[in-house]
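Here's the structure, in structure tokens; my notes come after.
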Amino acid sequence: MLTGKQKRVLRSKAHHLTPIFQVGKGGVNDNMIKQISEALEARELIKVSVLQNCEQDKDEVAKALVKGSRAHLVQTIGNTIVLYKESKENKQIELP
């Protein structure tokens, strides 16, 4: 579980990132979760955009992504979800 201070640091690092995944009409599926897990291993911190035509609520999408990829939810702002997962091989972000 992330502390408030850690989330604050991660939010500041995520501010300049652009979303690298989009959840659309199909919603969250196994292939998307697999790709997001691989991206988290490589980058540790990513943004996911929830499109207008997505049938699921953005909070449901966030829960599904967190559960599937075993990542931490940093924040949900608008239709953008920020996820963090510490990398085993490629650690880049040092948390306080």
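Letters for chains follow the order of the structure tokens (A, B, ...), residue numbers begin at 1 for each chain, and ligand numbers begin at 1 in the order shown.
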Write out as an mmCIF file with C-alpha atoms, in the first residue's frame each polymer residue whose atoms come within 10 Å of stretch 56-59 of chain A, counting only C-alpha atoms; drop sequence neighbours fewer than 5 positions from it.
```
data_model
loop_
_atom_site.group_PDB
_atom_site.id
_atom_site.type_symbol
_atom_site.label_atom_id
_atom_site.label_comp_id
_atom_site.auth_asym_id
_atom_site.auth_seq_id
_atom_site.Cartn_x
_atom_site.Cartn_y
_atom_site.Cartn_z
ATOM 1 C CA VAL A 23 -9.721 1.320 -22.757
ATOM 2 C CA GLY A 24 -12.536 1.514 -25.272
ATOM 3 C CA LYS A 25 -15.767 -0.221 -26.184
ATOM 4 C CA GLY A 26 -14.413 -3.716 -25.500
ATOM 5 C CA GLY A 27 -13.508 -2.845 -21.907
ATOM 6 C CA VAL A 28 -10.726 -4.585 -19.987
ATOM 7 C CA SER A 49 -7.014 6.610 -20.790
ATOM 8 C CA VAL A 50 -10.671 5.528 -20.561
ATOM 9 C CA LEU A 51 -12.483 6.494 -23.758
ATOM 10 C CA ALA A 64 -9.966 -4.407 -12.903
ATOM 11 C CA LEU A 65 -6.554 -3.105 -14.007
ATOM 12 C CA THR A 76 -7.892 8.668 -11.199
ATOM 13 C CA ILE A 77 -8.269 12.119 -12.678
ATOM 14 C CA GLY A 78 -10.935 12.752 -15.284
ATOM 15 C CA ASN A 79 -10.835 9.755 -17.618
ATOM 16 C CA THR A 80 -7.166 9.018 -16.914
ATOM 17 C CA ILE A 81 -5.896 6.328 -14.549
#
```
- Message: To test your reading of the structure, identify every residue in stretch 20-90 of chain A that backbone DSSP assigns to alpha helix (DSSP H), and report it as a list in words.
- Response: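 Filtering stretch 20-90 of chain A to alpha helix (DSSP H) leaves Asp30, Asn31, Met32, Ile33, Lys34, Gln35, Ile36, Ser37, Glu38, Ala39, Leu40, Glu41, Ala42, Arg43, Lys58, Asp59, Glu60, Val61, Ala62, Lys63, Ala64, Leu65, Val66, Lys67, Gly68 and Ser69 of chain A.
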- A:Gln35, A:Ser69, A:Gln22, A:Gln75 ranked by distance to A:Gln52, top pick (using only C-alpha atoms):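 Checking each candidate against A:Gln52, we get A:Gln22 as the closest.
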- List every residue of stretch 6-56 of chain A that DSSP, applied to the backbone of this structure, places in strand (DSSP E or B), and write the result as a list in words.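 Filtering stretch 6-56 of chain A to strand (DSSP E or B) leaves Phe21, Gln22, Val23, Leu45, Ile46, Lys47, Val48, Ser49 and Val50 of chain A.
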- May I ask for the distance between atom CA of A:Asp30 and atom CA of A:Lys7, given in Å to one decimal place? 26.8 Å
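Relative to atom CA of A:Glu60, atom CA of A:Met32 is found at 14.9 Å.
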- Query: So which residues touch A:Ile46 within 8 Å, counting only C-alpha atoms, skipping near sequence neighbours fewer than 4 positions away, as a list in words?
  - Reply: Ala14, Leu17, Pro19, Ile20, Ala39, Leu40, Val82, Leu83 and Tyr84 of chain A
- Task: May I have the residues within 10 Å of A:Leu2 as number ranges by chain, using only C-alpha atoms and disregarding those fewer than 3 positions away in the same chain?
- Result: A: 5-8, 10, 72-74, 84, 95
- Query: To one decimal place, how far is atom CA of A:Phe21 from atom CA of A:Val48 in Å?
  - Reply: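 Between atom CA of A:Phe21 and atom CA of A:Val48 the gap works out to 4.9 Å.
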- Query: Residues at most 6 Å from stretch 85-91 of chain A, counting only C-alpha atoms, excluding those fewer than 2 positions away in the same chain, as number ranges by chain?
  - Reply: A: 40-41, 44, 71
Writer output for current selection, N, CA and C atoms, as a short mmCIF file (atom, residue, chain, number, x, y, z; two decimals), in the first residue's frame:
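For reference, result.cif as written:
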```cif
data_model
loop_
_atom_site.label_atom_id
_atom_site.label_comp_id
_atom_site.auth_asym_id
_atom_site.auth_seq_id
_atom_site.Cartn_x
_atom_site.Cartn_y
_atom_site.Cartn_z
N LEU A 40 4.29 -1.95 -17.20
CA LEU A 40 4.63 -1.57 -15.82
C LEU A 40 6.00 -2.10 -15.42
N GLU A 41 6.34 -3.31 -15.87
CA GLU A 41 7.66 -3.87 -15.57
C GLU A 41 8.75 -3.02 -16.21
N GLU A 44 7.40 1.19 -14.79
CA GLU A 44 6.96 1.34 -13.39
C GLU A 44 5.75 2.27 -13.21
N ALA A 71 -0.98 -3.97 -9.58
CA ALA A 71 -0.34 -2.66 -9.46
C ALA A 71 -1.04 -1.83 -8.38
#
```
